[in-house]
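Enquirer: Sharing model.cif (mmCIF, N, CA and C atoms) below.
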data_query
#
loop_
_atom_site.label_atom_id
_atom_site.label_comp_id
_atom_site.auth_asym_id
_atom_site.auth_seq_id
_atom_site.Cartn_x
_atom_site.Cartn_y
_atom_site.Cartn_z
N MET A 1 99.50 99.26 118.56
CA MET A 1 99.80 100.47 117.78
C MET A 1 99.36 101.71 118.55
N VAL A 2 100.14 102.77 118.41
CA VAL A 2 99.80 104.02 119.09
C VAL A 2 99.25 105.00 118.07
N TYR A 3 98.09 105.53 118.36
CA TYR A 3 97.46 106.48 117.44
C TYR A 3 97.73 107.90 117.90
N ASP A 4 98.45 108.66 117.08
CA ASP A 4 98.75 110.05 117.42
C ASP A 4 97.54 110.94 117.19
N LEU A 5 96.74 110.59 116.18
CA LEU A 5 95.57 111.40 115.86
C LEU A 5 94.45 111.12 116.85
N SER A 6 93.78 112.20 117.27
CA SER A 6 92.61 112.02 118.11
C SER A 6 91.44 111.62 117.21
N VAL A 7 90.37 111.17 117.80
CA VAL A 7 89.22 110.71 117.01
C VAL A 7 88.65 111.86 116.21
N GLN A 8 88.54 113.04 116.81
CA GLN A 8 87.97 114.19 116.11
C GLN A 8 88.82 114.56 114.90
N GLU A 9 90.13 114.59 115.08
CA GLU A 9 91.02 114.92 113.96
C GLU A 9 90.86 113.88 112.85
N PHE A 10 90.74 112.63 113.24
CA PHE A 10 90.60 111.55 112.26
C PHE A 10 89.31 111.73 111.47
N VAL A 11 88.21 112.06 112.17
CA VAL A 11 86.92 112.26 111.51
C VAL A 11 87.00 113.44 110.56
N GLN A 12 87.68 114.51 110.98
CA GLN A 12 87.81 115.68 110.11
C GLN A 12 88.58 115.32 108.85
N LEU A 13 89.63 114.53 109.00
CA LEU A 13 90.42 114.11 107.83
C LEU A 13 89.55 113.31 106.87
N ILE A 14 88.73 112.42 107.43
CA ILE A 14 87.86 111.60 106.58
C ILE A 14 86.86 112.47 105.85
N LYS A 15 86.29 113.45 106.56
CA LYS A 15 85.31 114.34 105.92
C LYS A 15 85.96 115.12 104.80
N LYS A 16 87.18 115.63 105.04
CA LYS A 16 87.90 116.37 103.99
C LYS A 16 88.17 115.44 102.81
N GLY A 17 88.57 114.23 103.11
CA GLY A 17 88.86 113.27 102.06
C GLY A 17 87.63 112.97 101.22
N LYS A 18 86.48 112.85 101.89
CA LYS A 18 85.24 112.58 101.15
C LYS A 18 84.91 113.73 100.23
N LYS A 19 85.06 114.95 100.73
CA LYS A 19 84.75 116.12 99.89
C LYS A 19 85.67 116.14 98.68
N ASN A 20 86.97 115.93 98.91
CA ASN A 20 87.94 115.93 97.81
C ASN A 20 87.64 114.79 96.84
N LEU A 21 87.23 113.64 97.38
CA LEU A 21 86.95 112.49 96.54
C LEU A 21 85.74 112.77 95.65
N GLN A 22 84.71 113.41 96.21
CA GLN A 22 83.53 113.73 95.42
C GLN A 22 83.88 114.69 94.30
N LYS A 23 84.69 115.71 94.60
CA LYS A 23 85.10 116.66 93.56
C LYS A 23 85.90 115.93 92.49
N TYR A 24 86.78 115.03 92.93
CA TYR A 24 87.63 114.29 91.99
C TYR A 24 86.78 113.41 91.08
N LEU A 25 85.81 112.69 91.68
CA LEU A 25 84.94 111.82 90.88
C LEU A 25 84.09 112.65 89.93
N LEU A 26 83.66 113.83 90.38
CA LEU A 26 82.85 114.70 89.53
C LEU A 26 83.66 115.13 88.32
N ARG A 27 84.92 115.50 88.55
CA ARG A 27 85.80 115.90 87.44
C ARG A 27 85.98 114.75 86.47
N ILE A 28 86.21 113.56 86.98
CA ILE A 28 86.41 112.40 86.12
C ILE A 28 85.17 112.13 85.29
N SER A 29 84.00 112.19 85.92
CA SER A 29 82.75 111.93 85.19
C SER A 29 82.55 112.97 84.10
N ILE A 30 82.89 114.23 84.39
CA ILE A 30 82.75 115.29 83.39
C ILE A 30 83.72 115.04 82.24
N LEU A 31 84.96 114.70 82.57
CA LEU A 31 85.96 114.44 81.53
C LEU A 31 85.53 113.25 80.67
N ARG A 32 85.02 112.22 81.30
CA ARG A 32 84.60 111.03 80.55
C ARG A 32 83.45 111.38 79.62
N SER A 33 82.48 112.14 80.10
CA SER A 33 81.33 112.50 79.26
C SER A 33 81.79 113.35 78.08
N GLU A 34 82.79 114.19 78.30
CA GLU A 34 83.29 115.03 77.21
C GLU A 34 84.05 114.19 76.19
N THR A 35 84.80 113.22 76.66
CA THR A 35 85.60 112.41 75.74
C THR A 35 84.72 111.42 74.98
N THR A 36 83.65 110.94 75.60
CA THR A 36 82.80 109.96 74.91
C THR A 36 81.96 110.62 73.84
N ILE A 37 81.65 111.89 74.01
CA ILE A 37 80.78 112.57 73.03
C ILE A 37 81.52 112.90 71.75
#
Write the structure described by the file as structure tokens, please.

Expert:
Amino acid sequence: MVYDLSVQEFVQLIKKGKKNLQKYLLRISILRSETTI
């Protein structure tokens, strides 16, 4: 397989994904706490 992305670009994408994932999980946890109450 040929990888078009360089390692640095790949790492940056992962870091962005982690940040977005944390925000997403935080929203879900907030929504769940609001709905359970």

Enquirer: Quick check, in Å to one decimal: how far apart do atom C of A:Ile28 and atom CA of A:Leu13 lie?

Expert: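 Separation of atom C of A:Ile28 and atom CA of A:Leu13: 23.2 Å.
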
Enquirer: Quote the spacing between atom N of A:Ser29 and atom CA of A:Gly17 in Å to one decimal place.

Expert: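 Interatomic distance here is 16.9 Å.
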
Enquirer: Run DSSP on the backbone and give me the residues of chain A it puts in helix (DSSP H, G or I), as a PyMOL selection string.

Expert: chain A and resi 7-36

Enquirer: Just the number, please: distance in Å from atom N of A:Thr35 to atom C of A:Gln22, one decimal.

Expert: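 Computing it gives 17.7 Å between the two atoms.
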
Enquirer: Filtering to N, CA and C atoms, could stretch 9-33 of chain A of the supplied structure be written out as a short mmCIF file (atom, residue, chain, number, x, y, z; two decimals), in the first residue's frame?

Expert:
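The resulting part_5.cif:
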data_model
loop_
_atom_site.label_atom_id
_atom_site.label_comp_id
_atom_site.auth_asym_id
_atom_site.auth_seq_id
_atom_site.Cartn_x
_atom_site.Cartn_y
_atom_site.Cartn_z
N GLU A 9 1.64 14.65 9.10
CA GLU A 9 0.23 14.95 8.77
C GLU A 9 -0.69 13.94 9.45
N PHE A 10 -0.27 12.69 9.46
CA PHE A 10 -1.08 11.64 10.07
C PHE A 10 -1.24 11.89 11.56
N VAL A 11 -0.13 12.27 12.22
CA VAL A 11 -0.17 12.55 13.66
C VAL A 11 -1.07 13.74 13.94
N GLN A 12 -1.00 14.77 13.09
CA GLN A 12 -1.85 15.94 13.28
C GLN A 12 -3.32 15.56 13.15
N LEU A 13 -3.63 14.72 12.18
CA LEU A 13 -5.02 14.28 12.01
C LEU A 13 -5.50 13.53 13.25
N ILE A 14 -4.64 12.68 13.79
CA ILE A 14 -5.01 11.92 14.98
C ILE A 14 -5.25 12.85 16.15
N LYS A 15 -4.37 13.85 16.31
CA LYS A 15 -4.53 14.80 17.42
C LYS A 15 -5.83 15.57 17.27
N LYS A 16 -6.14 16.00 16.05
CA LYS A 16 -7.41 16.72 15.82
C LYS A 16 -8.58 15.80 16.13
N GLY A 17 -8.47 14.57 15.71
CA GLY A 17 -9.54 13.60 15.96
C GLY A 17 -9.75 13.39 17.44
N LYS A 18 -8.65 13.32 18.19
CA LYS A 18 -8.78 13.12 19.64
C LYS A 18 -9.48 14.31 20.28
N LYS A 19 -9.11 15.51 19.86
CA LYS A 19 -9.74 16.71 20.43
C LYS A 19 -11.23 16.70 20.13
N ASN A 20 -11.58 16.41 18.87
CA ASN A 20 -12.99 16.38 18.48
C ASN A 20 -13.72 15.28 19.23
N LEU A 21 -13.05 14.14 19.42
CA LEU A 21 -13.68 13.01 20.11
C LEU A 21 -13.96 13.37 21.56
N GLN A 22 -13.01 14.06 22.21
CA GLN A 22 -13.22 14.46 23.60
C GLN A 22 -14.39 15.41 23.72
N LYS A 23 -14.47 16.38 22.81
CA LYS A 23 -15.60 17.33 22.83
C LYS A 23 -16.90 16.57 22.62
N TYR A 24 -16.89 15.62 21.68
CA TYR A 24 -18.08 14.85 21.37
C TYR A 24 -18.53 14.03 22.57
N LEU A 25 -17.57 13.35 23.22
CA LEU A 25 -17.90 12.55 24.40
C LEU A 25 -18.40 13.43 25.53
N LEU A 26 -17.81 14.63 25.66
CA LEU A 26 -18.24 15.55 26.71
C LEU A 26 -19.68 15.96 26.48
N ARG A 27 -20.02 16.26 25.22
CA ARG A 27 -21.41 16.63 24.90
C ARG A 27 -22.36 15.49 25.22
N ILE A 28 -21.98 14.28 24.86
CA ILE A 28 -22.84 13.12 25.10
C ILE A 28 -23.04 12.93 26.60
N SER A 29 -21.96 13.05 27.38
CA SER A 29 -22.09 12.86 28.83
C SER A 29 -22.99 13.93 29.43
N ILE A 30 -22.88 15.16 28.93
CA ILE A 30 -23.73 16.25 29.42
C ILE A 30 -25.19 15.96 29.06
N LEU A 31 -25.43 15.55 27.83
CA LEU A 31 -26.80 15.26 27.40
C LEU A 31 -27.38 14.11 28.21
N ARG A 32 -26.57 13.09 28.46
CA ARG A 32 -27.06 11.94 29.23
C ARG A 32 -27.40 12.36 30.65
N SER A 33 -26.55 13.17 31.26
CA SER A 33 -26.81 13.60 32.64
C SER A 33 -28.08 14.44 32.70
#
